[in-house]
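Asker: What follows is the file protein_4.cif, containing mmCIF, C-alpha atoms and all ligand atoms:
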```cif
data_input
loop_
_atom_site.group_PDB
_atom_site.id
_atom_site.type_symbol
_atom_site.label_atom_id
_atom_site.label_comp_id
_atom_site.auth_asym_id
_atom_site.auth_seq_id
_atom_site.Cartn_x
_atom_site.Cartn_y
_atom_site.Cartn_z
ATOM 1 C CA MET A 1 0.000 0.000 0.000
ATOM 2 C CA ALA A 2 1.257 3.491 -0.833
ATOM 3 C CA LYS A 3 2.555 5.527 2.042
ATOM 4 C CA LYS A 4 0.056 8.170 3.035
ATOM 5 C CA THR A 5 1.567 11.644 3.004
ATOM 6 C CA LYS A 6 0.457 14.231 5.495
ATOM 7 C CA LYS A 7 -1.833 16.883 4.057
ATOM 8 C CA GLY A 8 -1.835 20.515 4.888
ATOM 9 C CA ARG A 9 -2.458 23.921 3.480
ATOM 10 C CA ILE A 10 -1.785 27.473 4.482
ATOM 11 C CA THR A 11 -3.279 30.884 4.009
ATOM 12 C CA ILE A 12 -1.186 34.035 3.905
ATOM 13 C CA ASP A 13 -2.765 37.344 4.892
ATOM 14 C CA ARG A 14 -1.441 39.524 2.075
ATOM 15 C CA GLU A 15 -2.071 42.743 3.998
ATOM 16 C CA LEU A 16 -0.104 41.593 7.072
ATOM 17 C CA CYS A 17 2.823 40.373 4.980
ATOM 18 C CA LYS A 18 5.865 42.642 4.755
ATOM 19 C CA GLY A 19 7.573 40.738 1.968
ATOM 20 C CA CYS A 20 10.593 39.372 3.840
ATOM 21 C CA TYR A 21 10.193 35.953 2.091
ATOM 22 C CA LEU A 22 11.602 33.998 5.031
ATOM 23 C CA CYS A 23 8.636 31.678 4.584
ATOM 24 C CA ALA A 24 9.526 31.030 0.940
ATOM 25 C CA TRP A 25 13.118 30.392 1.976
ATOM 26 C CA VAL A 26 12.260 27.753 4.584
ATOM 27 C CA CYS A 27 9.404 25.816 2.945
ATOM 28 C CA PRO A 28 10.909 22.381 2.245
ATOM 29 C CA ASN A 29 8.597 21.913 -0.724
ATOM 30 C CA HIS A 30 9.042 25.366 -2.304
ATOM 31 C CA LEU A 31 5.343 26.152 -2.201
ATOM 32 C CA ILE A 32 5.575 29.853 -1.437
ATOM 33 C CA GLU A 33 6.262 32.434 -4.120
ATOM 34 C CA VAL A 34 6.221 36.205 -4.473
ATOM 35 C CA SER A 35 3.007 37.877 -5.618
ATOM 36 C CA ASP A 36 3.230 40.187 -8.601
ATOM 37 C CA LYS A 37 0.670 42.549 -7.015
ATOM 38 C CA LEU A 38 1.522 45.046 -4.295
ATOM 39 C CA ASN A 39 -0.447 45.070 -1.053
ATOM 40 C CA GLN A 40 -1.738 48.277 0.525
ATOM 41 C CA LYS A 41 1.523 48.793 2.450
ATOM 42 C CA GLY A 42 3.495 48.678 -0.786
ATOM 43 C CA TYR A 43 5.028 45.210 -0.413
ATOM 44 C CA TYR A 44 4.846 42.292 -2.790
ATOM 45 C CA PRO A 45 3.390 39.686 -0.441
ATOM 46 C CA ALA A 46 4.184 36.010 -0.339
ATOM 47 C CA GLU A 47 1.667 33.656 -1.949
ATOM 48 C CA PHE A 48 0.932 29.975 -1.396
ATOM 49 C CA LYS A 49 1.379 28.292 -4.761
ATOM 50 C CA GLU A 50 0.482 24.647 -4.475
ATOM 51 C CA THR A 51 -0.825 23.219 -7.701
ATOM 52 C CA ASP A 52 -2.438 19.912 -8.578
ATOM 53 C CA GLU A 53 0.561 19.154 -10.780
ATOM 54 C CA LYS A 54 2.870 19.015 -7.754
ATOM 55 C CA GLU A 55 3.897 15.477 -6.944
ATOM 56 C CA GLU A 56 2.240 14.128 -3.799
ATOM 57 C CA ASN A 57 5.487 14.081 -1.867
ATOM 58 C CA HIS A 58 6.093 17.754 -2.666
ATOM 59 C CA LYS A 59 2.766 19.065 -1.449
ATOM 60 C CA CYS A 60 2.143 20.970 1.758
ATOM 61 C CA THR A 61 2.452 18.744 4.806
ATOM 62 C CA GLY A 62 1.216 21.280 7.329
ATOM 63 C CA CYS A 63 4.648 21.268 8.955
ATOM 64 C CA ALA A 64 4.148 24.945 9.952
ATOM 65 C CA ILE A 65 7.801 25.901 9.490
ATOM 66 C CA CYS A 66 6.629 28.852 7.383
ATOM 67 C CA ALA A 67 4.183 30.090 10.016
ATOM 68 C CA THR A 68 6.751 29.690 12.793
ATOM 69 C CA ILE A 69 9.355 31.802 11.032
ATOM 70 C CA CYS A 70 6.972 34.562 9.882
ATOM 71 C CA PRO A 71 7.735 37.703 11.942
ATOM 72 C CA ASP A 72 4.336 39.188 11.135
ATOM 73 C CA ILE A 73 2.108 36.207 12.007
ATOM 74 C CA ALA A 74 0.608 36.398 8.538
ATOM 75 C CA ILE A 75 0.418 32.635 7.939
ATOM 76 C CA GLU A 76 -2.273 30.233 9.160
ATOM 77 C CA VAL A 77 -1.694 26.502 8.803
ATOM 78 C CA TYR A 78 -4.474 23.929 8.374
ATOM 79 C CA ARG A 79 -3.915 20.199 8.653
ATOM 80 C CA GLY A 80 -5.917 17.208 7.532
HETATM 81 S S1 LIG A 101 7.539 35.282 6.433
HETATM 82 FE FE1 LIG A 101 5.571 36.379 6.766
HETATM 83 S S2 LIG A 101 6.039 38.540 6.366
HETATM 84 FE FE2 LIG A 101 7.734 37.332 5.519
HETATM 85 S S3 LIG A 101 7.130 37.023 3.348
HETATM 86 FE FE3 LIG A 101 6.382 35.247 4.505
HETATM 87 S S4 LIG A 101 4.243 35.774 5.043
HETATM 88 FE FE4 LIG A 101 5.281 37.670 4.453
HETATM 89 S S1 LIG A 102 3.268 24.239 6.208
HETATM 90 FE FE1 LIG A 102 5.317 23.419 5.627
HETATM 91 S S2 LIG A 102 5.015 22.484 3.597
HETATM 92 FE FE2 LIG A 102 3.227 23.785 3.994
HETATM 93 S S3 LIG A 102 3.747 25.739 2.987
HETATM 94 FE FE3 LIG A 102 4.404 25.888 5.155
HETATM 95 S S4 LIG A 102 6.564 25.244 5.194
HETATM 96 FE FE4 LIG A 102 5.667 24.610 3.216
#
```
Step by step, read the file and then write its structure as structure tokens.

Answerer:
Amino acid sequence: MAKKTKKGRITIDRELCKGCYLCAWVCPNHLIEVSDKLNQKGYYPAEFKETDEKEENHKCTGCAICATICPDIAIEVYRG
């Protein structure tokens, strides 16, 4: 039987984000990218970019490393 991978997802509050991209740097699966639209503070916020094309073992696991490192508490993590 195939090994079941842990499932997670995140939301990033684009108005809280100050564009430091620490979250993008630490995500082990490279699921966070830079938005091409400015937020109201004038930063390009981080965006969660998981797609269906991503291989199962490179999807979000809900590990919360991104949320832990975010200095602006802009990331919420959901598991399951
Ligand atoms: S770590 Fe937080 S503030 Fe920095 S880019 Fe990511 S969401 Fe934005
Ligand atoms: S919870 Fe983990 S896998 Fe999911 S986006 Fe954040 S760092 Fe990446």

Asker: Ligand LIG 102 (chain A): which residues are within 9 Å, counting all atoms listed in the file, as a ChimeraX atom specification?

Answerer: /A:7-11,23-32,48-50,58-68,75-79

Asker: Those same residues - C-alpha atoms - I'd like them written as a CSV table (one decimal), keeping the file's coordinate frame.

Answerer:
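The result, written out as part05.csv:
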```
chain,number,residue,atom,x,y,z
A,7,LYS,CA,-1.8,16.9,4.1
A,8,GLY,CA,-1.8,20.5,4.9
A,9,ARG,CA,-2.5,23.9,3.5
A,10,ILE,CA,-1.8,27.5,4.5
A,11,THR,CA,-3.3,30.9,4.0
A,23,CYS,CA,8.6,31.7,4.6
A,24,ALA,CA,9.5,31.0,0.9
A,25,TRP,CA,13.1,30.4,2.0
A,26,VAL,CA,12.3,27.8,4.6
A,27,CYS,CA,9.4,25.8,2.9
A,28,PRO,CA,10.9,22.4,2.2
A,29,ASN,CA,8.6,21.9,-0.7
A,30,HIS,CA,9.0,25.4,-2.3
A,31,LEU,CA,5.3,26.2,-2.2
A,32,ILE,CA,5.6,29.9,-1.4
A,48,PHE,CA,0.9,30.0,-1.4
A,49,LYS,CA,1.4,28.3,-4.8
A,50,GLU,CA,0.5,24.6,-4.5
A,58,HIS,CA,6.1,17.8,-2.7
A,59,LYS,CA,2.8,19.1,-1.4
A,60,CYS,CA,2.1,21.0,1.8
A,61,THR,CA,2.5,18.7,4.8
A,62,GLY,CA,1.2,21.3,7.3
A,63,CYS,CA,4.6,21.3,9.0
A,64,ALA,CA,4.1,24.9,10.0
A,65,ILE,CA,7.8,25.9,9.5
A,66,CYS,CA,6.6,28.9,7.4
A,67,ALA,CA,4.2,30.1,10.0
A,68,THR,CA,6.8,29.7,12.8
A,75,ILE,CA,0.4,32.6,7.9
A,76,GLU,CA,-2.3,30.2,9.2
A,77,VAL,CA,-1.7,26.5,8.8
A,78,TYR,CA,-4.5,23.9,8.4
A,79,ARG,CA,-3.9,20.2,8.7
```

Asker: I'd like to know which of A:Lys6, A:Tyr21, A:Lys37, A:Leu16 is closest to ligand LIG 101 (chain A), using only C-alpha atoms and all ligand atoms.

Answerer: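 Result for the nearest residue to ligand LIG 101 (chain A): A:Tyr21.
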
Asker: Under the rule of at most 7 Å, produce a per-residue listing of chain A near ligand LIG 101 (chain A): chain, number, name, the closest pair of atoms, and the distance in Å, as a tab-separated table, using all atoms listed in the file.

Answerer:
```
residue	atom	partner	partner_atom	distance
A:Ile12	CA	A:LIG101	S4	5.8
A:Leu16	CA	A:LIG101	S2	6.9
A:Cys17	CA	A:LIG101	FE4	3.7
A:Lys18	CA	A:LIG101	S2	4.4
A:Gly19	CA	A:LIG101	S3	4.0
A:Cys20	CA	A:LIG101	FE2	3.9
A:Tyr21	CA	A:LIG101	S3	3.5
A:Leu22	CA	A:LIG101	S1	4.5
A:Cys23	CA	A:LIG101	S1	4.2
A:Ala24	CA	A:LIG101	FE3	6.4
A:Pro45	CA	A:LIG101	FE4	5.6
A:Ala46	CA	A:LIG101	S3	4.8
A:Cys66	CA	A:LIG101	S1	6.6
A:Ile69	CA	A:LIG101	S1	6.0
A:Cys70	CA	A:LIG101	S1	3.6
A:Pro71	CA	A:LIG101	FE1	5.8
A:Asp72	CA	A:LIG101	S2	5.1
A:Ile73	CA	A:LIG101	FE1	6.3
A:Ala74	CA	A:LIG101	S4	5.1
A:Ile75	CA	A:LIG101	S4	5.7
```

Asker: Quick check, in Å to one decimal: how far apart do CA of Val34 (chain A) and CA of Glu47 (chain A) lie?

Answerer: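 That distance, rounded to one decimal, is 5.8 Å.
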
Asker: Report, in Å with one decimal, the straight-line distance from CA of Arg14 (chain A) to CA of Glu55 (chain A).

Answerer: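 Interatomic distance here is 26.2 Å.
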
Asker: Could you give me, as a list in words, the residues that have an atom at most 8 Å away from the point (-1.1, 46.5, 1.5) in the coordinates of the file, using all atoms listed in the file?

Answerer: Arg14, Glu15, Leu16, Leu38, Asn39, Gln40, Lys41, Gly42 and Tyr43 of chain A

Asker: Quick one: 8 Å padding each side, axis-aligned, all listed atoms of region 49-66 of chain A - centre and edge lengths in Å to one decimal, as lines of an AutoDock Vina configuration file?

Answerer:
```
center_x = 2.7
center_y = 21.5
center_z = -0.4
size_x = 26.2
size_y = 30.8
size_z = 36.7
```
